[in-house]
Every structure is written in structure tokens, then in C-alpha cells.
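Source file protein20.cif; content: mmCIF, C-alpha atoms.
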data_entry
loop_
_atom_site.label_atom_id
_atom_site.label_comp_id
_atom_site.auth_asym_id
_atom_site.auth_seq_id
_atom_site.Cartn_x
_atom_site.Cartn_y
_atom_site.Cartn_z
CA MET D 1 -18.51 -15.02 14.56
CA ARG D 2 -20.16 -12.78 11.95
CA ASN D 3 -22.72 -10.06 12.72
CA LEU D 4 -24.36 -7.50 10.48
CA SER D 5 -24.16 -4.12 12.18
CA ASN D 6 -26.09 -0.93 11.67
CA SER D 7 -24.60 1.59 9.29
CA GLN D 8 -21.26 3.00 10.37
CA GLY D 9 -18.92 5.74 9.23
CA LEU D 10 -15.71 4.28 7.81
CA MET D 11 -12.36 5.94 7.18
CA PHE D 12 -9.37 4.58 5.32
CA ALA D 13 -6.35 6.85 5.89
CA ALA D 14 -2.79 6.60 4.62
CA LEU D 15 0.20 8.84 5.32
CA SER D 16 2.61 10.17 2.72
CA SER D 17 5.30 12.81 2.50
CA GLU D 18 5.95 15.30 -0.23
CA GLU D 19 9.28 16.89 -1.10
CA ALA D 20 8.82 20.60 -1.79
CA LYS D 21 11.68 20.70 -4.29
CA ASP D 22 10.11 18.53 -6.98
CA LEU D 23 6.79 17.53 -5.37
CA GLN D 24 7.51 13.86 -5.69
CA THR D 25 5.38 11.81 -3.35
CA THR D 26 6.63 8.75 -1.52
CA THR D 27 5.61 6.74 1.48
CA LEU D 28 6.29 8.23 4.88
CA SER D 29 8.60 5.40 5.84
CA GLY D 30 10.80 6.28 2.87
CA TRP D 31 11.75 9.57 4.52
CA PHE D 32 11.37 8.99 8.23
CA GLY D 33 12.41 6.23 10.57
CA ALA D 34 10.20 3.76 12.37
CA GLN D 35 10.00 5.97 15.46
CA GLN D 36 8.65 8.96 13.52
CA LEU D 37 6.24 6.79 11.56
CA GLY D 38 4.95 5.29 14.80
CA ALA D 39 4.41 8.78 16.26
CA ALA D 40 2.37 9.84 13.23
CA LYS D 41 0.22 6.70 13.34
CA ALA D 42 -0.31 7.19 17.07
CA MET D 43 -1.58 10.67 16.27
CA ILE D 44 -4.14 9.19 13.85
CA THR D 45 -5.24 6.69 16.50
CA ASP D 46 -5.71 9.51 19.03
CA ALA D 47 -7.76 11.56 16.56
CA VAL D 48 -9.95 8.52 15.85
CA ARG D 49 -10.55 7.86 19.55
CA THR D 50 -11.32 11.54 20.17
CA ALA D 51 -14.09 11.22 17.58
CA LYS D 52 -15.42 8.07 19.37
CA GLY D 53 -14.07 5.80 16.66
CA VAL D 54 -12.11 2.56 16.71
CA VAL D 55 -9.08 1.58 14.63
CA THR D 56 -10.09 -1.88 13.45
CA HIS D 57 -6.93 -2.92 11.58
CA THR D 58 -4.40 -1.91 8.96
CA VAL D 59 -3.88 -2.96 5.36
CA GLY D 60 -0.33 -2.19 4.24
CA GLU D 61 0.23 1.46 5.20
CA ALA D 62 -3.50 2.27 5.32
CA VAL D 63 -5.41 2.45 8.60
CA LEU D 64 -9.10 1.50 8.70
CA SER D 65 -11.31 3.02 11.40
CA SER D 66 -15.04 2.76 12.10
CA PHE D 67 -17.31 5.33 13.77
CA PRO D 68 -20.84 5.32 15.19
CA ASP D 69 -22.02 7.86 12.62
CA ALA D 70 -20.95 9.66 9.46
CA ALA D 71 -20.25 13.05 11.07
CA SER D 72 -17.79 11.53 13.56
CA ALA D 73 -15.82 9.90 10.75
CA LEU D 74 -15.62 13.15 8.79
CA LYS D 75 -14.59 15.16 11.85
CA ALA D 76 -11.81 12.65 12.53
CA ALA D 77 -10.50 12.94 8.94
CA LEU D 78 -10.38 16.74 9.15
CA ASP D 79 -8.79 16.57 12.61
CA VAL D 80 -6.05 14.29 11.28
CA GLN D 81 -5.48 16.72 8.42
CA ARG D 82 -5.12 19.67 10.83
CA ARG D 83 -2.82 17.79 13.19
CA LEU D 84 -0.57 16.74 10.32
CA GLY D 85 -0.29 20.41 9.42
CA LYS D 86 1.81 20.65 12.57
CA LEU D 87 3.99 17.66 11.78
CA GLN D 88 6.39 19.29 9.36
CA ASP D 89 10.15 19.00 9.40
CA ARG D 90 11.96 22.19 10.39
CA SER D 91 13.65 22.70 7.03
CA GLY D 92 10.30 23.17 5.29
CA LYS D 93 11.43 20.86 2.50
CA MET D 94 9.18 17.98 3.49
CA HIS D 95 5.41 18.10 3.97
CA ILE D 96 3.55 15.24 5.62
CA LYS D 97 0.04 14.72 4.29
CA VAL D 98 -2.83 12.31 4.70
CA ARG D 99 -5.11 10.96 2.02
CA ALA D 100 -8.39 9.46 3.09
CA GLY D 101 -11.42 7.67 1.71
CA LEU D 102 -14.65 7.74 3.71
CA SER D 103 -17.95 5.91 3.24
CA PHE D 104 -21.12 5.20 5.18
CA GLY D 105 -23.11 1.98 5.25
CA PRO D 106 -23.76 -1.36 6.97
CA VAL D 107 -20.78 -3.61 7.70
CA ARG D 108 -20.13 -7.18 8.75
CA VAL D 109 -18.13 -7.70 11.94
CA ILE D 110 -15.89 -10.79 11.87
CA ALA D 111 -13.58 -11.38 14.84
CA GLY D 112 -13.49 -7.66 15.57
CA LYS D 113 -12.77 -6.68 11.94
CA VAL D 114 -15.27 -4.96 9.66
CA SER D 115 -15.94 -5.88 6.05
CA GLY D 116 -18.56 -5.34 3.38
CA ASP D 117 -19.35 -3.09 0.43
CA ALA D 118 -18.97 0.10 2.48
CA VAL D 119 -15.43 -0.94 3.46
CA SER D 120 -14.59 -1.70 -0.17
CA THR D 121 -15.95 1.72 -1.19
CA ALA D 122 -13.75 3.49 1.37
CA GLY D 123 -10.74 1.56 0.07
CA LEU D 124 -11.57 2.50 -3.52
CA LEU D 125 -11.83 6.19 -2.61
CA LEU D 126 -8.50 5.96 -0.78
CA ASP D 127 -6.87 4.56 -3.94
CA LYS D 128 -8.08 7.59 -5.93
CA ALA D 129 -7.32 10.25 -3.30
CA ARG D 130 -4.14 12.29 -3.69
CA PRO D 131 -1.97 13.34 -0.72
CA GLY D 132 -3.83 15.98 1.25
CA GLU D 133 -7.19 14.97 -0.26
CA ILE D 134 -10.28 13.58 1.49
CA LEU D 135 -12.88 11.81 -0.67
CA ILE D 136 -16.31 10.66 0.52
CA ASP D 137 -19.15 8.76 -1.12
CA GLN D 138 -22.75 9.90 -1.68
CA ALA D 139 -24.01 7.93 1.31
CA MET D 140 -21.56 9.73 3.61
CA LYS D 141 -22.56 13.14 2.23
CA ASP D 142 -26.26 12.39 2.60
CA ALA D 143 -25.83 11.06 6.15
CA VAL D 144 -23.82 14.09 7.27
CA GLY D 145 -26.26 16.63 5.85
CA ALA D 146 -25.44 20.19 6.90
CA PHE D 147 -21.85 20.15 8.10
CA ASP D 148 -20.18 23.24 9.56
CA TYR D 149 -16.64 21.85 9.58
CA GLY D 150 -16.19 21.03 5.90
CA LYS D 151 -17.11 22.09 2.38
CA PHE D 152 -18.08 19.58 -0.29
CA SER D 153 -17.28 19.73 -4.00
CA LEU D 154 -18.09 17.11 -6.64
CA TYR D 155 -15.11 14.93 -7.57
CA GLY D 156 -16.89 12.78 -10.15
CA GLN D 157 -17.76 9.15 -10.73
CA ILE D 158 -15.40 6.39 -9.54
CA GLU D 159 -16.51 3.02 -10.84
CA GLY D 160 -20.14 4.09 -10.61
CA ILE D 161 -19.75 5.74 -7.19
CA ALA D 162 -20.45 9.47 -6.85
CA ALA D 163 -17.46 10.93 -4.98
CA TYR D 164 -16.98 14.30 -3.29
CA ARG D 165 -13.94 16.21 -2.08
CA VAL D 166 -14.00 17.61 1.42
CA ALA D 167 -12.14 20.79 2.32
CA ASP D 168 -11.73 22.31 5.77
CA ALA D 169 -14.37 25.01 6.19
CA GLY D 170 -11.98 27.21 8.16
CA ALA D 171 -10.88 25.92 11.51
CA ALA D 172 -9.01 28.16 13.92
CA ALA D 173 -5.36 28.66 13.06
CA PRO D 174 -3.19 26.10 14.81
CA ASP D 175 -1.15 27.13 17.84
CA LEU D 176 2.36 26.90 16.43
CA SER D 177 3.87 27.09 19.91
CA ALA D 178 2.43 23.66 20.56
CA THR D 179 3.47 22.25 17.23
CA GLN D 180 4.76 18.73 17.37
CA VAL D 181 7.66 18.24 15.04
CA ILE D 182 8.79 15.04 13.39
CA GLU D 183 12.48 15.40 12.91
CA PRO D 184 13.99 14.00 9.72
CA ILE D 185 16.83 11.58 10.17
CA ASN D 186 19.98 13.53 9.42
CA ILE D 187 23.21 11.79 8.59
CA PRO D 188 26.04 13.91 10.00
CA PRO D 189 28.47 15.15 7.36
CA ALA D 190 31.92 13.69 7.28
CA ALA D 191 34.41 15.56 9.45
CA PRO D 192 36.45 18.05 7.38
CA LYS D 193 40.05 17.23 6.85
CA PRO D 194 42.41 19.44 8.85
CA ALA D 195 44.06 22.20 6.88
CA SER D 196 47.51 20.96 7.76
CA ALA D 197 50.46 20.66 5.47
CA PRO D 198 50.13 17.99 2.84
CA PRO D 199 51.45 14.59 3.89
CA PRO D 200 55.09 13.89 3.04
CA LYS D 201 55.72 12.27 -0.26
CA PRO D 202 56.22 8.56 0.05
CA ALA D 203 59.54 7.01 -0.65
CA ALA D 204 60.19 5.86 -4.13
CA ALA D 205 57.71 3.21 -5.01
CA PRO D 206 59.07 -0.29 -5.34
CA PRO D 207 59.03 -1.71 -8.81
CA PRO D 208 55.56 -2.95 -9.72
CA LYS D 209 54.82 -6.58 -9.17
CA PRO D 210 54.38 -8.59 -12.30
CA ALA D 211 50.76 -9.03 -13.24
CA ALA D 212 49.24 -12.33 -12.29
CA ALA D 213 49.13 -14.77 -15.09
CA PRO D 214 45.68 -14.91 -16.65
CA PRO D 215 43.71 -18.09 -16.00
CA PRO D 216 44.09 -20.70 -18.66
CA LYS D 217 41.51 -20.62 -21.40
CA PRO D 218 39.09 -23.51 -21.58
CA ALA D 219 40.41 -26.34 -23.67
CA SER D 220 37.33 -26.14 -25.87
CA ALA D 221 38.01 -22.55 -26.95
CA PRO D 222 39.36 -22.24 -30.48
CA SER D 223 43.00 -21.17 -30.78
CA GLY D 224 43.47 -17.39 -30.85
CA GLU D 225 39.99 -16.55 -29.50
CA GLU D 226 39.04 -15.27 -26.05
CA THR D 227 36.23 -16.86 -24.15
CA MET D 228 33.79 -14.82 -22.00
CA VAL D 229 32.10 -16.83 -19.32
CA VAL D 230 28.49 -15.65 -18.87
CA PRO D 231 26.44 -16.94 -15.96
CA SER D 232 23.42 -18.87 -17.08
CA LEU D 233 20.15 -16.99 -16.71
CA ARG D 234 17.13 -18.93 -15.61
CA ALA D 235 14.03 -17.82 -17.42
CA ALA D 236 11.16 -16.68 -15.22
CA PRO D 237 8.40 -19.28 -14.98
CA ALA D 238 5.11 -18.27 -16.53
CA LEU D 239 2.19 -17.74 -14.18
CA VAL D 240 -0.99 -19.33 -15.51
CA LEU D 241 -4.30 -18.09 -14.07
CA ARG D 242 -7.59 -19.76 -14.90
CA TYR D 243 -11.05 -18.52 -13.99
CA GLY D 244 -14.00 -20.44 -15.37
CA GLN D 245 -13.10 -21.46 -18.91
CA ALA D 246 -10.69 -18.55 -19.49
CA GLU D 247 -6.95 -19.10 -19.03
CA ARG D 248 -4.24 -16.42 -19.21
CA ARG D 249 -0.44 -16.49 -18.92
CA PHE D 250 1.65 -13.77 -17.27
CA SER D 251 5.36 -13.07 -16.78
CA PRO D 252 7.38 -10.41 -14.91
CA ALA D 253 7.41 -8.34 -18.10
CA ASP D 254 3.63 -7.94 -17.77
CA GLY D 255 3.94 -6.18 -14.41
CA GLU D 256 1.35 -6.56 -11.67
CA VAL D 257 -1.79 -8.58 -12.27
CA THR D 258 -5.05 -7.46 -10.65
CA LEU D 259 -8.02 -9.57 -9.57
CA GLY D 260 -11.43 -8.28 -8.58
CA ARG D 261 -15.04 -7.51 -9.42
CA ALA D 262 -14.34 -4.49 -11.65
CA LEU D 263 -14.19 -5.15 -15.38
CA GLU D 264 -10.80 -3.51 -15.81
CA ASN D 265 -9.02 -6.17 -13.73
CA HIS D 266 -6.89 -8.72 -15.54
CA ILE D 267 -9.00 -11.43 -13.87
CA ASN D 268 -12.62 -10.31 -13.50
CA VAL D 269 -14.50 -12.18 -10.73
CA PRO D 270 -18.14 -10.93 -10.73
CA VAL D 271 -19.17 -12.09 -7.25
CA ALA D 272 -20.94 -9.86 -4.71
CA HIS D 273 -18.48 -10.25 -1.82
CA VAL D 274 -15.43 -9.76 -4.08
CA SER D 275 -14.12 -6.20 -3.91
CA ARG D 276 -13.78 -4.13 -7.05
CA ARG D 277 -9.99 -4.38 -6.80
CA HIS D 278 -9.66 -7.32 -4.44
CA ALA D 279 -6.04 -8.49 -4.84
CA LYS D 280 -3.01 -8.21 -7.04
CA ILE D 281 -0.03 -10.36 -7.95
CA VAL D 282 3.34 -8.62 -8.03
CA TRP D 283 6.71 -9.99 -9.08
CA GLU D 284 9.62 -10.03 -6.66
CA GLY D 285 12.36 -11.00 -9.06
CA ASN D 286 10.93 -14.06 -10.78
CA VAL D 287 8.64 -14.96 -7.88
CA PRO D 288 4.91 -14.07 -8.03
CA VAL D 289 3.49 -12.78 -4.74
CA LEU D 290 -0.22 -12.44 -3.97
CA VAL D 291 -1.06 -9.14 -2.21
CA ASN D 292 -4.46 -8.81 -0.53
CA LEU D 293 -6.15 -5.42 -1.08
CA SER D 294 -9.58 -6.16 0.37
CA GLN D 295 -10.98 -6.06 3.87
CA ASN D 296 -12.93 -9.18 2.94
CA GLY D 297 -9.65 -11.11 2.83
CA SER D 298 -7.97 -13.56 0.46
CA CYS D 299 -6.50 -17.02 0.97
CA VAL D 300 -4.48 -19.61 -0.94
CA ARG D 301 -4.66 -23.40 -1.07
CA PHE D 302 -1.56 -25.12 -2.46
CA GLU D 303 -2.02 -28.31 -4.43
CA GLY D 304 -0.80 -31.39 -2.59
CA THR D 305 -1.26 -29.98 0.91
CA GLY D 306 -5.00 -29.36 1.09
CA ASN D 307 -4.34 -26.64 3.66
CA GLN D 308 -5.42 -23.05 3.12
CA GLU D 309 -3.20 -20.11 4.03
CA SER D 310 -4.83 -16.80 4.90
CA CYS D 311 -3.27 -13.91 2.96
CA GLU D 312 -3.43 -11.07 5.47
CA THR D 313 -1.05 -8.96 3.40
CA ARG D 314 1.09 -11.01 0.99
CA THR D 315 1.71 -14.67 0.17
CA GLU D 316 4.35 -16.14 -2.18
CA LEU D 317 2.83 -18.35 -4.86
CA ARG D 318 4.59 -21.61 -5.60
CA GLY D 319 3.79 -24.72 -7.60
CA SER D 320 0.08 -24.76 -8.26
CA GLY D 321 -3.14 -24.32 -6.35
CA SER D 322 -6.08 -21.98 -6.03
CA ILE D 323 -6.80 -18.47 -4.74
CA ALA D 324 -10.07 -17.64 -2.99
CA LEU D 325 -11.05 -13.95 -3.11
CA ALA D 326 -12.64 -14.28 0.31
CA GLY D 327 -11.62 -14.75 3.91
CA GLN D 328 -11.87 -18.52 3.49
CA PHE D 329 -12.66 -21.14 0.89
CA GLY D 330 -16.35 -21.97 0.71
CA GLU D 331 -17.58 -18.37 0.97
CA SER D 332 -19.17 -19.02 -2.41
CA ALA D 333 -20.91 -22.39 -2.45
CA SER D 334 -20.33 -22.70 -6.21
CA GLY D 335 -16.65 -21.76 -5.98
CA ALA D 336 -17.28 -18.69 -8.15
CA ASP D 337 -14.76 -16.67 -6.10
CA VAL D 338 -11.85 -19.09 -6.74
CA VAL D 339 -9.05 -18.56 -9.29
CA TRP D 340 -6.75 -21.49 -10.17
CA PHE D 341 -3.00 -20.85 -10.64
CA LYS D 342 0.07 -22.73 -11.81
CA LEU D 343 3.73 -21.82 -12.30
CA GLY D 344 5.64 -23.28 -15.20
#

How does this structure look as C-alpha cells?
Amino acid sequence: MRNLSNSQGLMFAALSSEEAKDLQTTTLSGWFGAQQLGAAKAMITDAVRTAKGVVTHTVGEAVLSSFPDAASALKAALDVQRRLGKLQDRSGKMHIKVRAGLSFGPVRVIAGKVSGDAVSTAGLLLDKARPGEILIDQAMKDAVGAFDYGKFSLYGQIEGIAAYRVADAGAAAPDLSATQVIEPINIPPAAPKPASAPPPKPAAAPPPKPAAAPPPKPASAPSGEETMVVPSLRAAPALVLRYGQAERRFSPADGEVTLGRALENHINVPVAHVSRRHAKIVWEGNVPVLVNLSQNGSCVRFEGTGNQESCETRTELRGSGSIALAGQFGESASGADVVWFKLG
């Protein structure tokens, strides 16, 4: 069932960790185990609930939450940032940070999940935010008005959206005695060898065994030449994408392929419910995989089956078929949100 709600505050948040030595950023799960990652996400959920919000669902490593008003969403983002200030590993070499994109506007509620332009805007701001950075849109700033907990500074235009950075206006210093610590997973060093006398020299080595006779050369090899057997390499199949009258071919050498409403996508689909960066196709070896990036959903229909498969996160493309940049086929009566694909 689909309902259009009143305007809500929306927050997309994603965790990352930063190594102090060279400031290289990676995903949190790259440095910490599943238990630590779960504890950090539970902390985000608690901060959201404290601000009277609801975690609606996750997309990859990003968590989407909705709030009854703009101020509640912004307070939750700053609260998460402060709490993460306490989640540092004891060595001081690793810093856990959150990046967040916030927006304010009406949303559609489908089976408990929210979607719409405001959700897409929050996702876009999240994509641009760096670790430790909170970005909001103009609607969020206008709805919040005077805000004692944060300071706003202009970030600039992001695909036509005015974006602002939010900095903590000076909350009380955290109580370090209550600091929760996420411990890094330490692999114990190998036990040192005892400083005992060196082992006795072995008895005289037996004479070496004669080397095994080399395998016979193929009969087809010319006399006096060596033959190197090289495994055959199967060329990656080309991925053909067609939208309207335009058709393009891609291979693993081209890297990821993006689909969405923004002009800079490889496949531009100018339909209202299609997100600016709706989905992408990545290569896993020689296999193309569709990755959904939009809260509005994506789905695939494979030729010959007639069945559609919802792409909640990722779907392997095979054979030929069509991709709908929507939660289901038929969202656009004219089929303007559908991209045809074929491998080969």
C-alpha cells in the first residue's frame, strides 16, 4: 500500500574508519569485525530512537531514518557524531566517523519503507559527504530555522541542490569515563622462539634423488623447441544496454556503468521517479552485476521467464532482459523507466 505522508526529516548515515597514519578511509567492516560493526549500528539506532525517529531500512552500509520534523533529524545526526567521538580504538591510530546526508520533504510510504525525491536528495548528499561531514539541503535548513545545536556553512550546489555543512555548535565535552570503546581485532604475535642452543646439525644428507623426468613434449611441437602450455582465456562478453533508440556496449575495461536521471550517467533516464543516480552495473570478474542505489527500488525481468526479480541490493545479469528503474515494472505506463540489456 502506498501513502503520501506529510513532510519528514530524513537522514542517510554511513560509518567509516580513518587510519591516522596515512588518513586513508575505508569501510568500518574492513577494520572491525561483525560484532563491533553491529555495536556501532546499534548506537545509531539508539540515537535515532532518542530523537523520535525510525530506522526504515538500509542500503548497503548506509542507514536511512525518518523523523517527524527537520530539527529532530538534525539533532540525531549531531548526536551520532558525538557518540562516535567516544568509539575510538585505544591505540589512537583509528578514528571512526560518520558521514550523513539530510533532507526535508514529503515522502511516499510503501510497505513501511519511505521513498520519493526527498529520499533521493538525502542519498545524493550522503554520496558527496566526506567522513565526519554532515550535509543538509535548503529545505532542511529552512525548516530548522534558528538552531542552537549546530552551525551552518554553505557547501555549494550539488546537481542543482543548495547544500550546507553542519558543524556542532559546541556541545558539552563528553564524559570520557563513560566512553564506550570498540576494540580492534588484534592477531596475537607468534610466540618467540626459545633462546636455546641451536639444534644439532643433521646427519650427512643422503645423496639427492634424481630429478623427475620432464613430461614428454607434445608430438606436434617442432624438434628442438620447448612448448609452453597457456590456459585458454575466455573473453568477457560485452554488455549491451539500450534505452530508447540509443544503444551502447560496455566491457569490464570500462569500469562501472551508472544509470539514472542525472545527465552525467552513462544511461540517462529522464523520468520523475528515477533517482539522479539510481543504479549502477559493476563487474565481478567477467560477470555484470546490477546494484540498486535508490530508495525507489530497481528490478530485473529476464527474457524467457517473464518473471521480475526485485533488486534490493544487487542482482547478477545473465542472458538478456530488461531493467526497470522502479520498484516494479509498470511504474511508468509508457515504459520510459525501462532499460533493455543483453550479454554477448

To one decimal in Å, tell me the separation between atom CA of D:Ala253 and atom CA of D:Gly344.
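So the two atoms, atom CA of D:Ala253 and atom CA of D:Gly344, lie 15.3 Å apart.
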
Protein and nucleic acid residues near (-15.5, -19.4, -12.2) (cut-off 8 Å, all atoms listed in the file) as a list in words
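Those residues lying close to the given coordinates are Tyr243, Gly244, Gln245, Val269, Gly335, Ala336, Asp337, Val338 and Val339 of chain D.
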
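With atom CA of D:Met140 on one side and atom CA of D:Leu102 on the other, the separation reads 7.2 Å.
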
With stretch 279-299 of chain D as the partner and 9 Å as the cut-off, tabulate the residues of stretch 87-135 of chain D that qualify, each row holding the nearest pair of atoms and their distance in Å to one decimal, using all atoms listed in the file, sorted by chain and rising number, as JSON lines.
{"residue": "D:Lys113", "atom": "CA", "partner": "D:Gln295", "partner_atom": "CA", "distance": 8.3}
{"residue": "D:Val114", "atom": "CA", "partner": "D:Gln295", "partner_atom": "CA", "distance": 7.3}
{"residue": "D:Ser115", "atom": "CA", "partner": "D:Gln295", "partner_atom": "CA", "distance": 5.4}
{"residue": "D:Gly116", "atom": "CA", "partner": "D:Asn296", "partner_atom": "CA", "distance": 6.8}
{"residue": "D:Val119", "atom": "CA", "partner": "D:Gln295", "partner_atom": "CA", "distance": 6.8}
{"residue": "D:Ser120", "atom": "CA", "partner": "D:Ser294", "partner_atom": "CA", "distance": 6.7}
{"residue": "D:Gly123", "atom": "CA", "partner": "D:Ser294", "partner_atom": "CA", "distance": 7.8}

_Interatomic distance, atom CA of D:Lys342 to atom CA of D:Ser251 (Å, one decimal)_ =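 Going from atom CA of D:Lys342 over to atom CA of D:Ser251 covers 12.1 Å.
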
Practice problem: Let me know the residues the PyMOL selection byres ((chain D and resi 81) around 12) catches in the file above, as a PyMOL selection string. | Solution: chain D and resi 13-16+40+43-44+47-48+74-80+82-87+95-100+131-134+150+166-168+171+174

Worksheet entry | D:Ser320, D:Thr45, D:Thr305, D:Thr258 ranked by distance to D:Val240, top pick (using all atoms listed in the file) |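 Once distances to D:Val240 are computed over all atoms listed in the file, the minimum belongs to D:Ser320.
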
Next item on the list: Taking the file as shown, find all residues satisfying the PyMOL selection byres ((chain D and resi 53-69) around 6) and write them as a PyMOL selection string.
Entry: chain D and resi 8-14+48-49+51-52+70-73+113

Find, counting only C-alpha atoms, the residue in D:Gly321, D:Gly327, D:Gly306, D:Gly101 that gets nearest to D:Leu126.
->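 The answer is D:Gly101, which sits nearest to D:Leu126.
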
query = Of the candidates D:Val300, D:Phe147, D:Ala42, D:Leu259, which shows the shortest atom-to-atom distance to D:Arg314, using all atoms listed in the file?
reply =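 Distance minimum relative to D:Arg314 lands on D:Val300.
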
- For the file shown, what are the residues hit by the PyMOL selection byres ((chain D and resi 152-159) around 9), laid out as an MDAnalysis selection string? chainID D and resid 124:125 128 135 141 150:151 160:167 262 276
